[in-house]
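The next block is protein-v9.txt, given as compact mmCIF, C-alpha atoms.
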```txt
# COMPACT_ATOMS: atom_id res chain seq x y z
CA MET E 1 -103.40 32.67 -93.20
CA ALA E 2 -105.58 35.51 -91.96
CA ILE E 3 -109.02 36.16 -93.38
CA ASN E 4 -110.31 39.70 -93.53
CA PHE E 5 -114.01 39.58 -92.62
CA GLU E 6 -114.44 43.36 -92.72
CA PRO E 7 -115.76 43.44 -96.32
CA ILE E 8 -118.33 40.80 -95.45
CA PHE E 9 -119.45 42.50 -92.24
CA SER E 10 -119.51 46.00 -93.74
CA GLU E 11 -122.29 44.89 -96.11
CA MET E 12 -124.23 43.09 -93.38
CA GLN E 13 -126.23 45.01 -90.80
CA ASN E 14 -125.23 43.69 -87.31
CA GLY E 15 -123.14 40.96 -88.99
CA PRO E 16 -120.94 39.89 -86.05
CA GLU E 17 -123.87 39.98 -83.63
CA LYS E 18 -126.04 37.84 -85.93
CA ILE E 19 -123.27 35.28 -86.42
CA LYS E 20 -122.73 35.02 -82.65
CA GLU E 21 -126.48 34.74 -82.09
CA ASN E 22 -126.71 31.89 -84.60
CA PHE E 23 -123.62 30.18 -83.15
CA ASP E 24 -125.14 30.34 -79.66
CA LYS E 25 -128.32 28.66 -80.96
CA VAL E 26 -126.32 25.80 -82.47
CA ASN E 27 -124.07 25.49 -79.43
CA ASN E 28 -126.99 25.28 -76.99
CA GLY E 29 -128.07 22.00 -78.54
CA LEU E 30 -124.73 20.45 -77.67
CA LEU E 31 -124.85 21.31 -73.99
CA TRP E 32 -126.14 18.80 -71.47
CA GLY E 33 -129.00 19.21 -69.05
CA PRO E 34 -128.54 18.67 -65.32
CA ALA E 35 -127.48 15.31 -63.92
CA GLN E 36 -130.50 13.26 -62.85
CA GLN E 37 -130.68 10.16 -60.69
CA PHE E 38 -131.99 6.81 -61.86
CA LEU E 39 -135.22 5.70 -60.19
CA ASN E 40 -135.49 2.83 -57.66
CA LEU E 41 -131.84 1.89 -57.16
CA GLU E 42 -131.75 -1.69 -55.90
CA GLY E 43 -128.39 -3.15 -54.87
CA ILE E 44 -126.11 -1.11 -57.12
CA GLY E 45 -124.90 1.88 -55.09
CA ALA E 46 -125.76 5.55 -55.46
CA SER E 47 -123.00 6.79 -57.85
CA ASN E 48 -125.27 6.72 -60.87
CA SER E 49 -126.75 9.47 -62.99
CA TYR E 50 -127.78 10.39 -66.49
CA LYS E 51 -127.96 13.60 -68.51
CA VAL E 52 -130.04 14.39 -71.58
CA ARG E 53 -128.53 16.64 -74.22
CA ASN E 54 -130.42 19.93 -74.59
CA ASP E 55 -131.40 19.16 -78.18
CA GLY E 56 -133.00 15.89 -76.99
CA ASN E 57 -130.95 13.70 -79.35
CA ALA E 58 -128.73 11.85 -76.86
CA ILE E 59 -128.44 10.61 -73.30
CA SER E 60 -125.22 10.24 -71.32
CA LEU E 61 -125.09 7.46 -68.70
CA THR E 62 -122.50 7.52 -65.91
CA MET E 63 -122.63 4.56 -63.55
CA TYR E 64 -120.55 2.69 -61.02
CA VAL E 65 -122.33 -0.55 -60.24
CA THR E 66 -121.43 -2.22 -56.94
CA GLY E 67 -122.63 -5.40 -55.28
CA ASP E 68 -123.05 -8.83 -56.79
CA GLY E 69 -124.48 -7.56 -60.06
CA ASN E 70 -128.08 -8.59 -59.38
CA GLY E 71 -129.20 -5.02 -58.83
CA SER E 72 -131.38 -2.87 -61.01
CA CYS E 73 -132.58 0.66 -61.52
CA TYR E 74 -134.98 2.47 -63.83
CA LEU E 75 -134.81 5.20 -66.42
CA PRO E 76 -138.04 7.14 -66.93
CA THR E 77 -140.01 5.48 -69.75
CA SER E 78 -140.21 8.85 -71.50
CA ILE E 79 -136.48 8.36 -72.12
CA SER E 80 -136.16 4.57 -72.38
CA LYS E 81 -138.79 4.33 -75.13
CA ARG E 82 -136.66 6.69 -77.24
CA LEU E 83 -133.39 4.73 -76.91
CA ASP E 84 -131.83 3.51 -80.13
CA TYR E 85 -129.72 0.87 -78.30
CA ASN E 86 -130.60 -1.20 -75.25
CA THR E 87 -127.26 -2.79 -74.23
CA VAL E 88 -124.25 -0.90 -72.87
CA VAL E 89 -120.83 -2.40 -72.14
CA GLY E 90 -118.97 -1.62 -68.92
CA ARG E 91 -115.52 -2.39 -67.45
CA THR E 92 -115.06 -3.97 -64.04
CA ASP E 93 -112.40 -3.11 -61.48
CA ASN E 94 -110.78 -6.50 -62.25
CA LYS E 95 -110.54 -5.55 -65.95
CA GLY E 96 -113.46 -7.78 -66.88
CA ILE E 97 -116.31 -6.80 -69.16
CA GLY E 98 -119.90 -6.51 -68.02
CA TYR E 99 -122.98 -4.87 -69.40
CA ILE E 100 -126.35 -3.35 -68.65
CA ASN E 101 -129.53 -4.19 -70.49
CA ILE E 102 -132.21 -1.53 -70.67
CA ASN E 103 -135.79 -2.66 -71.18
CA THR E 104 -137.00 0.12 -73.45
CA GLY E 105 -140.64 -0.52 -72.59
CA THR E 106 -140.33 -0.35 -68.79
CA GLY E 107 -137.04 1.56 -68.35
CA LYS E 108 -135.64 -1.20 -66.10
CA CYS E 109 -131.85 -1.46 -66.23
CA THR E 110 -130.38 -4.84 -65.22
CA PHE E 111 -126.69 -5.67 -64.91
CA TYR E 112 -124.32 -8.53 -65.60
CA LYS E 113 -120.83 -8.58 -64.08
CA PRO E 114 -118.48 -11.57 -64.29
CA ASP E 115 -117.21 -10.95 -60.74
CA THR E 116 -118.11 -9.02 -57.60
CA SER E 117 -115.87 -6.03 -58.31
CA GLY E 118 -117.41 -2.68 -59.22
CA MET E 119 -118.28 -1.92 -62.83
CA TYR E 120 -117.88 1.42 -64.60
CA VAL E 121 -120.25 2.45 -67.36
CA GLN E 122 -119.88 5.68 -69.30
CA ALA E 123 -121.85 5.83 -72.51
CA THR E 124 -123.60 8.28 -74.78
CA LEU E 125 -126.62 6.77 -76.51
CA PRO E 126 -128.66 8.29 -79.34
CA LEU E 127 -132.32 8.99 -78.74
CA MET E 128 -134.88 8.65 -81.50
```
Can I see the file as structure tokens?
Amino acid sequence: MAINFEPIFSEMQNGPEKIKENFDKVNNGLLWGPAQQFLNLEGIGASNSYKVRNDGNAISLTMYVTGDGNGSCYLPTSISKRLDYNTVVGRTDNKGIGYININTGTGKCTFYKPDTSGMYVQATLPLM
């Protein structure tokens, strides 16, 4: 079914341009900022980053944790204090389940893995 927008736009000065302008404003909030590195990586490998959504309402974590699982890293406290959740589940190479705990006060991320295989974490967390 086709909709004829011409009658709507003919009554509206710069109608299509205004709609696109408003759509672009809404869409910008859904785009993600640049990938940033966690601070002070200790014993977990360097394949770890996070992105904050442009509207400031969410953070995306992408991590591959290596080593024995006793490593840690830090998120900036300006982000960690805004997290709505502080535990994220991950999947190990051996199909086990591990997790990271994020201390919202300090930003420290600590890990638990049931074995020494690598652990993947991909999560989007809401920010308050």
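Distance check against Met119 in chain E using only C-alpha atoms: of E:Leu41, E:Ile79, E:Ile100, E:Ala58, the minimum falls on E:Ile100.
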Practice task
Considering all atoms listed in the file, state which residue in the set E:Thr66, E:Asn86, E:Lys113, E:Pro126 is at the smallest distance from Arg53 in chain E.
Solution key: E:Pro126
Practice task
Might you pull out every residue within 9 Å of Gln36 in chain E, with all atoms listed in the file counted and same-chain residues fewer than 2 positions away left off, and present them as a ChimeraX atom specification?
Solution key: /E:33-34,38,48-52
Practice task
Could you tell me which of E:Tyr85, E:Ile102, E:Gly90, E:Asp68 comes closest to Asp115 in chain E if we count all atoms listed in the file?
Solution key: E:Asp68
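Atom pair CA of Tyr112 in chain E / CA of Gly56 in chain E has a distance of 28.3 Å (rounded to one decimal).
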Exercise for the section: Name all residues at most 12 Å from Val121 in chain E (count only C-alpha atoms; drop same-chain ones fewer than 2 positions away) and give them as an MDAnalysis selection string. Expected result: chainID E and resid 47:50 60:66 87:93 97:101 111:113 118:119 123:125
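Distance-wise, CA of Ile59 in chain E and CA of Trp32 in chain E end up 8.7 Å apart.
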Problem - Length of the CA of Leu31 in chain E to CA of Thr77 in chain E vector [Å] - result: 22.3 Å
Fill in the blank from the handout: Using all atoms listed in the file, the best pick from E:Leu75, E:Gly67, E:Gln122, E:Ser80 as closest to Thr104 in chain E would be E:Ser80
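Once Cys73 in chain E and its same-chain neighbours fewer than 2 positions away are set aside, E:Phe38, E:Leu39, E:Asn40, E:Leu41, E:Glu42, E:Gly71, E:Leu75, E:Lys108, E:Cys109, E:Thr110 remain within 8 Å of it when counting all atoms listed in the file.
With distances taken over all atoms listed in the file, E:Asn57 is the one residue among E:Gly107, E:Pro114, E:Tyr74, E:Asn57 lying closest to Met128 in chain E.
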